[in-house]
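Okay, data01.cif is below, mmCIF, C-alpha atoms:
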data_entry
#
loop_
_atom_site.label_atom_id
_atom_site.label_comp_id
_atom_site.auth_asym_id
_atom_site.auth_seq_id
_atom_site.Cartn_x
_atom_site.Cartn_y
_atom_site.Cartn_z
CA MET A 1 -49.92 59.06 37.68
CA ASP A 2 -52.85 57.12 39.16
CA LEU A 3 -56.64 57.06 38.97
CA ARG A 4 -57.05 58.93 42.25
CA GLN A 5 -55.02 61.86 40.96
CA MET A 6 -57.18 61.97 37.83
CA GLU A 7 -60.34 61.84 39.93
CA VAL A 8 -59.16 64.77 42.04
CA VAL A 9 -58.25 66.93 39.03
CA VAL A 10 -61.60 66.18 37.37
CA ALA A 11 -63.42 67.07 40.59
CA VAL A 12 -61.61 70.42 40.86
CA ALA A 13 -62.40 71.19 37.21
CA GLU A 14 -66.07 70.27 37.51
CA GLU A 15 -66.66 71.92 40.89
CA GLY A 16 -64.70 75.04 40.01
CA GLY A 17 -62.49 75.06 43.10
CA PHE A 18 -60.48 73.09 45.61
CA THR A 19 -62.88 73.51 48.53
CA ALA A 20 -65.90 72.28 46.56
CA ALA A 21 -63.86 69.39 45.17
CA ALA A 22 -62.80 68.38 48.69
CA GLN A 23 -66.43 68.39 49.82
CA ARG A 24 -67.41 66.22 46.87
CA LEU A 25 -64.58 63.75 47.53
CA HIS A 26 -65.08 63.82 51.33
CA VAL A 27 -61.47 64.80 52.07
CA VAL A 28 -59.79 67.91 53.46
CA GLN A 29 -58.87 70.71 51.07
CA SER A 30 -55.14 70.33 51.77
CA ALA A 31 -55.29 66.75 50.46
CA VAL A 32 -56.82 67.96 47.20
CA SER A 33 -54.25 70.73 46.83
CA SER A 34 -51.30 68.43 47.50
CA THR A 35 -52.59 65.81 45.06
CA VAL A 36 -52.92 68.38 42.29
CA ARG A 37 -49.48 69.86 42.99
CA ALA A 38 -47.87 66.41 42.92
CA LEU A 39 -49.45 65.61 39.57
CA GLU A 40 -48.44 69.00 38.15
CA ARG A 41 -44.84 68.35 39.21
CA GLU A 42 -44.97 64.94 37.54
CA LEU A 43 -46.38 66.41 34.33
CA GLY A 44 -44.04 69.38 34.42
CA THR A 45 -46.79 71.95 33.87
CA PRO A 46 -49.63 73.57 35.85
CA LEU A 47 -53.14 72.27 35.21
CA PHE A 48 -54.90 75.17 36.93
CA ASP A 49 -54.56 78.93 37.07
CA ARG A 50 -55.17 79.94 40.68
CA THR A 51 -56.26 83.42 41.72
CA THR A 52 -57.81 84.76 44.90
CA HIS A 53 -61.31 84.53 43.48
CA ARG A 54 -61.33 81.66 41.03
CA VAL A 55 -59.65 78.52 39.73
CA SER A 56 -59.58 77.83 35.99
CA LEU A 57 -57.96 75.27 33.74
CA THR A 58 -54.79 76.08 31.85
CA SER A 59 -54.44 74.94 28.24
CA ALA A 60 -52.69 71.83 29.56
CA GLY A 61 -55.54 71.28 31.98
CA GLU A 62 -58.10 71.65 29.18
CA ALA A 63 -56.29 68.85 27.33
CA PHE A 64 -55.85 66.68 30.43
CA VAL A 65 -59.40 66.65 31.85
CA PRO A 66 -61.25 64.99 28.92
CA ALA A 67 -58.56 62.29 28.72
CA ALA A 68 -58.77 61.77 32.49
CA ARG A 69 -62.55 61.43 32.31
CA ALA A 70 -62.21 58.81 29.56
CA THR A 71 -59.67 56.88 31.63
CA LEU A 72 -61.88 56.96 34.72
CA ARG A 73 -64.86 55.74 32.69
CA ALA A 74 -62.77 52.90 31.26
CA ALA A 75 -61.64 51.88 34.74
CA GLU A 76 -65.22 51.94 35.99
CA GLN A 77 -66.33 49.78 33.06
CA ALA A 78 -63.55 47.29 33.79
CA ARG A 79 -64.64 47.02 37.43
CA SER A 80 -68.27 46.64 36.37
CA ALA A 81 -67.36 43.88 33.92
CA VAL A 82 -65.63 41.91 36.67
CA ASP A 83 -68.56 42.42 39.06
CA ALA A 84 -70.99 41.28 36.34
CA ALA A 85 -68.92 38.12 35.80
CA ARG A 86 -69.25 37.41 39.53
CA GLY A 87 -73.02 37.89 39.36
CA GLN A 88 -72.91 41.33 40.98
CA LEU A 89 -73.69 44.70 39.49
CA ARG A 90 -71.90 47.74 40.80
CA GLY A 91 -70.81 51.05 39.39
CA ARG A 92 -72.03 54.61 39.15
CA VAL A 93 -74.61 56.10 36.82
CA THR A 94 -74.94 59.85 36.36
CA VAL A 95 -78.33 60.86 34.99
CA GLY A 96 -79.08 64.27 33.53
CA THR A 97 -82.50 65.82 33.19
CA MET A 98 -83.66 69.13 31.77
CA GLN A 99 -85.57 71.51 34.00
CA GLY A 100 -89.25 70.77 33.70
CA VAL A 101 -88.69 67.26 32.30
CA TRP A 102 -89.17 64.41 34.75
CA ALA A 103 -91.20 61.65 33.05
CA ASP A 104 -91.58 59.73 36.34
CA LEU A 105 -87.84 59.15 36.46
CA HIS A 106 -88.12 58.19 40.13
CA ARG A 107 -89.77 54.89 39.14
CA PRO A 108 -86.87 53.35 37.17
CA LEU A 109 -84.39 54.78 39.68
CA ALA A 110 -86.24 53.08 42.54
CA ALA A 111 -86.44 49.81 40.59
CA LEU A 112 -82.70 49.94 39.89
CA ARG A 113 -81.89 50.50 43.55
CA ALA A 114 -84.18 47.65 44.65
CA GLU A 115 -82.56 45.11 42.33
CA HIS A 116 -78.99 46.44 42.24
CA PRO A 117 -78.23 48.23 45.54
CA GLY A 118 -74.52 48.31 44.65
CA VAL A 119 -75.14 50.81 41.85
CA VAL A 120 -74.73 54.45 42.89
CA VAL A 121 -76.90 56.95 41.01
CA ARG A 122 -76.19 60.66 40.72
CA LEU A 123 -78.66 63.14 39.24
CA ARG A 124 -77.89 66.42 37.50
CA GLN A 125 -80.59 68.88 36.46
CA GLY A 126 -79.87 71.73 34.10
CA ALA A 127 -80.81 73.73 31.03
CA VAL A 128 -80.79 72.13 27.59
CA THR A 129 -77.36 73.46 26.62
CA ASP A 130 -75.79 72.24 29.88
CA ILE A 131 -77.23 68.73 29.60
CA ARG A 132 -76.32 68.39 25.92
CA GLN A 133 -72.74 69.48 26.64
CA ALA A 134 -72.51 67.10 29.60
CA LEU A 135 -73.63 64.20 27.38
CA ARG A 136 -70.95 65.00 24.82
CA GLU A 137 -68.27 65.44 27.48
CA GLY A 138 -69.29 62.19 29.15
CA THR A 139 -70.02 63.77 32.54
CA VAL A 140 -73.52 62.27 32.41
CA ASP A 141 -74.20 58.73 31.19
CA LEU A 142 -77.74 59.29 29.97
CA ALA A 143 -80.39 61.97 30.16
CA VAL A 144 -84.15 62.39 30.06
CA VAL A 145 -84.72 65.36 27.79
CA ALA A 146 -86.92 67.10 25.25
CA LEU A 147 -84.67 67.97 22.30
CA ASP A 148 -85.32 68.88 18.69
CA ARG A 149 -83.63 67.07 15.82
CA GLN A 150 -80.71 69.48 15.54
CA GLN A 151 -79.92 69.07 19.24
CA GLN A 152 -79.89 65.26 18.91
CA ARG A 153 -76.89 65.10 16.55
CA GLY A 154 -74.21 62.69 17.72
CA LEU A 155 -76.47 61.17 20.36
CA VAL A 156 -78.48 57.94 20.59
CA THR A 157 -82.13 58.68 21.38
CA ARG A 158 -85.21 56.66 22.28
CA LEU A 159 -88.71 58.12 22.53
CA LEU A 160 -90.35 57.84 25.95
CA ALA A 161 -93.47 59.95 25.42
CA ARG A 162 -95.10 62.38 23.00
CA GLU A 163 -97.38 64.85 24.73
CA GLU A 164 -99.46 67.94 24.01
CA MET A 165 -99.59 70.90 26.36
CA VAL A 166 -102.64 72.62 27.81
CA LEU A 167 -103.46 76.06 29.15
CA VAL A 168 -103.87 75.97 32.93
CA SER A 169 -106.02 78.57 34.67
CA ALA A 170 -107.50 79.31 38.08
CA PRO A 171 -110.64 77.34 38.98
CA GLY A 172 -113.70 78.89 37.33
CA ARG A 173 -111.79 81.49 35.34
CA VAL A 174 -113.77 82.37 32.22
CA LEU A 175 -111.71 82.53 29.04
CA GLY A 176 -113.49 84.90 26.68
CA GLY A 177 -112.25 83.32 23.46
CA ALA A 178 -112.88 79.69 24.42
CA GLY A 179 -115.10 77.74 22.05
CA PRO A 180 -118.12 75.62 23.07
CA ASP A 181 -115.78 72.66 23.51
CA GLY A 182 -113.67 74.67 25.95
CA LYS A 183 -110.68 74.86 23.62
CA VAL A 184 -108.66 78.06 23.30
CA THR A 185 -106.34 79.47 20.65
CA LEU A 186 -102.82 80.71 21.14
CA ALA A 187 -104.03 84.18 20.18
CA GLU A 188 -106.52 84.10 23.07
CA ALA A 189 -103.82 82.87 25.44
CA ALA A 190 -101.53 85.71 24.36
CA ARG A 191 -104.15 88.26 25.47
CA LEU A 192 -104.03 86.91 29.04
CA PRO A 193 -101.34 87.49 31.68
CA LEU A 194 -98.93 84.66 31.05
CA VAL A 195 -96.80 82.69 33.49
CA ASP A 196 -93.77 81.46 31.54
CA PHE A 197 -90.79 79.34 32.52
CA THR A 198 -87.30 80.75 32.10
CA PRO A 199 -85.41 80.32 28.79
CA GLY A 200 -83.58 77.01 28.72
CA TRP A 201 -86.52 75.07 30.16
CA ALA A 202 -87.85 72.44 27.76
CA ILE A 203 -91.42 73.66 28.33
CA ARG A 204 -90.41 77.21 27.42
CA LEU A 205 -88.69 76.03 24.24
CA ALA A 206 -91.80 74.14 23.12
CA VAL A 207 -94.11 77.06 23.92
CA ASP A 208 -91.86 79.55 22.11
CA ARG A 209 -91.81 77.25 19.08
CA ALA A 210 -95.62 76.95 19.01
CA PHE A 211 -96.23 80.70 19.24
CA ARG A 212 -93.71 81.33 16.45
CA ALA A 213 -95.36 78.69 14.24
CA ALA A 214 -98.76 80.34 14.80
CA ALA A 215 -97.28 83.82 14.13
CA VAL A 216 -98.64 85.01 17.48
CA GLU A 217 -96.68 87.40 19.68
CA ARG A 218 -97.02 87.19 23.43
CA GLU A 219 -95.74 89.07 26.46
CA THR A 220 -94.65 87.24 29.58
CA THR A 221 -96.05 88.66 32.82
CA PHE A 222 -94.34 86.26 35.23
CA GLU A 223 -91.17 84.30 34.50
CA VAL A 224 -90.37 81.51 36.96
CA ASN A 225 -88.06 78.49 37.21
CA ASP A 226 -90.26 76.44 39.51
CA ILE A 227 -93.37 74.37 38.69
CA VAL A 228 -94.85 74.97 42.13
CA ALA A 229 -94.38 78.76 41.84
CA ALA A 230 -96.12 78.68 38.47
CA SER A 231 -99.06 76.74 39.90
CA GLU A 232 -99.44 79.14 42.84
CA LEU A 233 -99.52 82.17 40.53
CA VAL A 234 -102.20 80.47 38.46
CA ARG A 235 -104.16 79.38 41.56
CA ALA A 236 -104.21 83.01 42.73
CA ASP A 237 -105.64 83.95 39.31
CA LEU A 238 -102.66 86.19 38.57
CA GLY A 239 -102.06 84.52 35.23
CA VAL A 240 -102.39 81.40 33.10
CA CYS A 241 -99.66 78.93 32.21
CA VAL A 242 -98.94 76.44 29.44
CA MET A 243 -97.88 73.04 30.79
CA PRO A 244 -97.63 69.46 29.52
CA ILE A 245 -100.76 67.46 30.40
CA SER A 246 -98.80 65.15 32.71
CA ILE A 247 -97.52 68.08 34.79
CA ALA A 248 -100.85 69.92 34.79
CA GLY A 249 -102.44 66.73 36.14
CA ARG A 250 -100.49 67.18 39.36
CA PHE A 251 -102.73 70.15 40.15
CA PRO A 252 -106.27 68.72 40.01
CA ASP A 253 -107.87 71.88 41.39
CA LEU A 254 -106.74 73.97 38.40
CA ASP A 255 -108.74 74.14 35.16
CA LYS A 256 -107.15 72.73 31.99
CA HIS A 257 -107.99 73.97 28.50
CA ARG A 258 -106.87 72.23 25.33
CA PHE A 259 -105.73 74.30 22.37
CA ASP A 260 -107.87 74.53 19.26
CA ARG A 261 -104.83 74.30 16.96
CA HIS A 262 -101.06 74.83 17.01
CA ALA A 263 -100.96 73.18 20.43
CA PRO A 264 -97.49 73.28 21.99
CA SER A 265 -96.10 69.78 22.35
CA TRP A 266 -92.89 68.00 23.20
CA LYS A 267 -91.20 64.66 22.76
CA VAL A 268 -89.57 63.31 25.90
CA MET A 269 -86.62 61.04 25.15
CA VAL A 270 -83.88 59.14 26.87
CA VAL A 271 -80.57 60.14 25.32
CA GLN A 272 -77.07 58.74 25.65
CA PRO A 273 -73.70 59.20 23.94
CA ARG A 274 -72.79 56.80 21.17
CA GLY A 275 -70.54 53.88 22.07
CA GLU A 276 -70.41 50.99 24.49
CA VAL A 277 -72.97 51.10 27.29
CA PRO A 278 -71.63 50.25 30.79
CA PRO A 279 -73.56 47.43 32.56
CA ALA A 280 -75.00 49.72 35.25
CA VAL A 281 -76.29 52.14 32.61
CA ALA A 282 -77.73 49.26 30.59
CA ALA A 283 -79.59 48.05 33.68
CA LEU A 284 -81.20 51.45 34.22
CA LEU A 285 -82.17 51.69 30.54
CA ARG A 286 -84.05 48.40 30.83
CA TYR A 287 -86.25 49.90 33.52
CA MET A 288 -86.95 52.89 31.27
CA ALA A 289 -88.32 50.76 28.41
#

Could you render the structure as structure tokens?
Amino acid sequence: MDLRQMEVVVAVAEEGGFTAAAQRLHVVQSAVSSTVRALERELGTPLFDRTTHRVSLTSAGEAFVPAARATLRAAEQARSAVDAARGQLRGRVTVGTMQGVWADLHRPLAALRAEHPGVVVRLRQGAVTDIRQALREGTVDLAVVALDRQQQRGLVTRLLAREEMVLVSAPGRVLGGAGPDGKVTLAEAARLPLVDFTPGWAIRLAVDRAFRAAAVERETTFEVNDIVAASELVRADLGVCVMPISIAGRFPDLDKHRFDRHAPSWKVMVVQPRGEVPPAVAALLRYMA
């Protein structure tokens, strides 16, 4: 058994098939299939159930993949340690981010590439449950997220930003319930056609939490999974949308209204699994300070 065989099996498991794994590894599908078959013969048991429509892990495969991931991470850390001793920094960092959470992540990524071009960075975007599971499985090294306390269990977190959200409307739209200071209540917002993000988005979770805390019920008119789509619906005066101030600022032509009370808010954090931090990951974390 060697590291390449482990890498191939992990790729098939994560990509959900041999063709996708071959594309990820930049090899032909037959090479992936033969590698898996050879390892299965060596282990004396199949790692995958293969049908016409799907490939899934067997019970043996479910046991093998986490151990293989751990071995691959250890090998990567060993290579990185040698490179660091030679004054070079190499390795691979996989960063996760929740949909709707960015926090100018491109800035530390660009700084890392400029100083350490030998470090390869991969980015995965997903819903909160997907990113949290990936952190615990070790398939991402760190993530930029907005989690509540319960979701942080077993993870090391560091606060990047604390931010309130605002109600965004079309230019010049008059909000009947707005006070003299321009602030609105959640009850007033609930009477307007609302543009919401899909469940699983960090923004949606924060907005849901705020409406529940204020005991205000709302009905979503438009549900989208794209910031630009949300802004276009608002710009066309088809609805209003609750967004973090930093995201709303990307659309200077739209009006922003602060909430009078019970304002939705979120805490954006960088999160990583507990344990030793590989040198390449540590380098990226320094740029995110």

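Closest approach to A:Pro199 from the set A:Gln99, A:Ala11, A:Arg79, A:Leu3 is made by A:Gln99, with distances taken over all atoms listed in the file.
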
Picked residues, the PyMOL selection byres ((chain A and resi 156) around 6), expected as a ChimeraX atom specification:
/A:155,157,271-274

Residue members of the PyMOL selection byres ((chain A and resi 203) around 10) in the file shown, as a VMD selection string
chain A and resid 98 to 101 146 165 196 to 202 204 to 209 242 to 244 264 to 266

Hey, what's within 8 Å of stretch 80-90 of chain A if we count all atoms listed in the file and toss same-chain stuff fewer than 4 positions away? As a PyMOL selection string, please?
chain A and resi 76+116-120+278-280

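Separating atom CA of A:Thr221 from atom CA of A:His262 is a distance of 21.6 Å.
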
For A:Leu175, the closest of A:Val224, A:Leu112, A:Ala215, A:Ala189 counting only C-alpha atoms is A:Ala189

I'd like to know which of A:Leu160, A:Leu284, A:Val168, A:Val184 is closest to A:Phe251, using all atoms listed in the file.
A:Val168

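In this comparison, which uses all atoms listed in the file, the residue of A:Val95, A:Asp104, A:Ala67, A:Val166 approaching A:Leu135 most closely is A:Val95.
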
Taking the file as shown, find all residues satisfying the PyMOL selection byres ((chain A and resi 191) around 12) and write them as JSON, numbers by chain.
{"A": [175, 176, 177, 184, 185, 186, 187, 188, 189, 190, 192, 193, 194, 216, 217, 218, 219, 220, 221, 239, 240]}

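Between atom CA of A:Gly249 and atom CA of A:Glu163 the separation is 12.6 Å.
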
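For the atom pair formed by atom CA of A:Gln29 and atom CA of A:Val8, the distance is 10.8 Å, given to one decimal.
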
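Residue nearest A:Ala68 within the list A:Val174, A:Val195, A:Ala13, A:Ile131: A:Ala13 [criterion: smallest interatomic distance, all atoms listed in the file].
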
Would you kindly return, as a VMD selection string, each protein, DNA or RNA residue with an atom no farther than 8 Å from any atom of A:Val281, considering all atoms listed in the file and excluding same-chain residues fewer than 3 positions away?
chain A and resid 93 141 to 142 277 to 278 284 to 285

Write the residues you've just listed into a file as a JSON list (two decimals), keeping the file's coordinate frame, and include C-alpha atoms for each of them.
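That gives us selection28.json:
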[["chain", "number", "residue", "atom", "x", "y", "z"],
["A", 93, "VAL", "CA", -74.61, 56.10, 36.82],
["A", 141, "ASP", "CA", -74.20, 58.73, 31.19],
["A", 142, "LEU", "CA", -77.74, 59.29, 29.97],
["A", 277, "VAL", "CA", -72.97, 51.10, 27.29],
["A", 278, "PRO", "CA", -71.63, 50.25, 30.79],
["A", 284, "LEU", "CA", -81.20, 51.45, 34.22],
["A", 285, "LEU", "CA", -82.17, 51.69, 30.54]]

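Among the candidates A:Gly16, A:Gly275, A:Pro252, A:Gly182, the residue lying nearest to A:Arg54 is A:Gly16 (atoms considered: all atoms listed in the file).
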
Working from the structure I just supplied, which lacks atoms in stretch 186-197 of chain A, can you model all heavy atoms there and output them as a short mmCIF file (atom, residue, chain, number, x, y, z; two decimals), in the coordinates of the input?
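Wrote it out as rebuild_28.cif, contents follow:
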data_model
loop_
_atom_site.label_atom_id
_atom_site.label_comp_id
_atom_site.auth_asym_id
_atom_site.auth_seq_id
_atom_site.Cartn_x
_atom_site.Cartn_y
_atom_site.Cartn_z
N LEU A 186 -104.01 80.04 20.63
CA LEU A 186 -102.82 80.71 21.14
C LEU A 186 -103.01 82.22 21.16
O LEU A 186 -102.48 82.91 22.04
CB LEU A 186 -101.61 80.34 20.27
CG LEU A 186 -101.09 78.91 20.44
CD1 LEU A 186 -99.97 78.65 19.44
CD2 LEU A 186 -100.58 78.67 21.86
N ALA A 187 -103.77 82.74 20.21
CA ALA A 187 -104.03 84.18 20.18
C ALA A 187 -104.80 84.61 21.43
O ALA A 187 -104.52 85.66 22.02
CB ALA A 187 -104.81 84.55 18.92
N GLU A 188 -105.79 83.80 21.85
CA GLU A 188 -106.52 84.10 23.07
C GLU A 188 -105.60 84.02 24.28
O GLU A 188 -105.63 84.87 25.17
CB GLU A 188 -107.69 83.13 23.23
CG GLU A 188 -108.38 83.16 24.60
CD GLU A 188 -108.97 84.52 24.95
OE1 GLU A 188 -109.20 85.33 24.04
OE2 GLU A 188 -109.19 84.76 26.16
N ALA A 189 -104.75 83.00 24.33
CA ALA A 189 -103.82 82.87 25.44
C ALA A 189 -102.89 84.07 25.53
O ALA A 189 -102.56 84.53 26.63
CB ALA A 189 -103.02 81.58 25.30
N ALA A 190 -102.47 84.59 24.38
CA ALA A 190 -101.53 85.71 24.36
C ALA A 190 -102.16 86.99 24.91
O ALA A 190 -101.43 87.91 25.30
CB ALA A 190 -101.05 85.94 22.94
N ARG A 191 -103.49 87.07 24.93
CA ARG A 191 -104.15 88.26 25.47
C ARG A 191 -104.30 88.21 26.99
O ARG A 191 -104.75 89.17 27.60
CB ARG A 191 -105.53 88.43 24.81
CG ARG A 191 -105.47 88.86 23.35
CD ARG A 191 -106.83 89.29 22.84
NE ARG A 191 -107.71 88.16 22.59
CZ ARG A 191 -107.78 87.48 21.44
NH1 ARG A 191 -107.01 87.87 20.42
NH2 ARG A 191 -108.62 86.48 21.31
N LEU A 192 -103.92 87.09 27.59
CA LEU A 192 -104.03 86.91 29.04
C LEU A 192 -102.67 87.11 29.70
O LEU A 192 -101.63 86.96 29.05
CB LEU A 192 -104.55 85.51 29.35
CG LEU A 192 -105.93 85.16 28.78
CD1 LEU A 192 -106.21 83.66 28.95
CD2 LEU A 192 -107.02 85.98 29.45
N PRO A 193 -102.64 87.43 30.99
CA PRO A 193 -101.34 87.49 31.68
C PRO A 193 -100.74 86.09 31.73
O PRO A 193 -101.38 85.15 32.21
CB PRO A 193 -101.70 88.00 33.08
CG PRO A 193 -103.17 87.73 33.24
CD PRO A 193 -103.77 87.80 31.87
N LEU A 194 -99.54 85.96 31.22
CA LEU A 194 -98.93 84.66 31.05
C LEU A 194 -97.85 84.40 32.09
O LEU A 194 -97.01 85.26 32.37
CB LEU A 194 -98.32 84.52 29.66
CG LEU A 194 -99.31 84.33 28.50
CD1 LEU A 194 -98.57 84.35 27.17
CD2 LEU A 194 -100.07 83.02 28.65
N VAL A 195 -97.87 83.18 32.64
CA VAL A 195 -96.80 82.69 33.49
C VAL A 195 -95.93 81.81 32.62
O VAL A 195 -96.37 80.77 32.11
CB VAL A 195 -97.35 81.88 34.68
CG1 VAL A 195 -96.20 81.37 35.55
CG2 VAL A 195 -98.33 82.70 35.50
N ASP A 196 -94.69 82.21 32.38
CA ASP A 196 -93.77 81.46 31.54
C ASP A 196 -92.62 80.92 32.39
O ASP A 196 -92.29 81.47 33.45
CB ASP A 196 -93.16 82.37 30.46
CG ASP A 196 -93.86 82.20 29.12
OD1 ASP A 196 -94.36 81.08 28.85
OD2 ASP A 196 -93.91 83.17 28.35
N PHE A 197 -92.00 79.85 31.90
CA PHE A 197 -90.79 79.34 32.52
C PHE A 197 -89.58 80.02 31.87
O PHE A 197 -89.66 80.53 30.76
CB PHE A 197 -90.72 77.82 32.39
CG PHE A 197 -91.85 77.15 33.11
CD1 PHE A 197 -92.97 76.71 32.42
CD2 PHE A 197 -91.81 76.99 34.48
CE1 PHE A 197 -94.03 76.11 33.08
CE2 PHE A 197 -92.86 76.40 35.16
CZ PHE A 197 -93.98 75.95 34.46
#
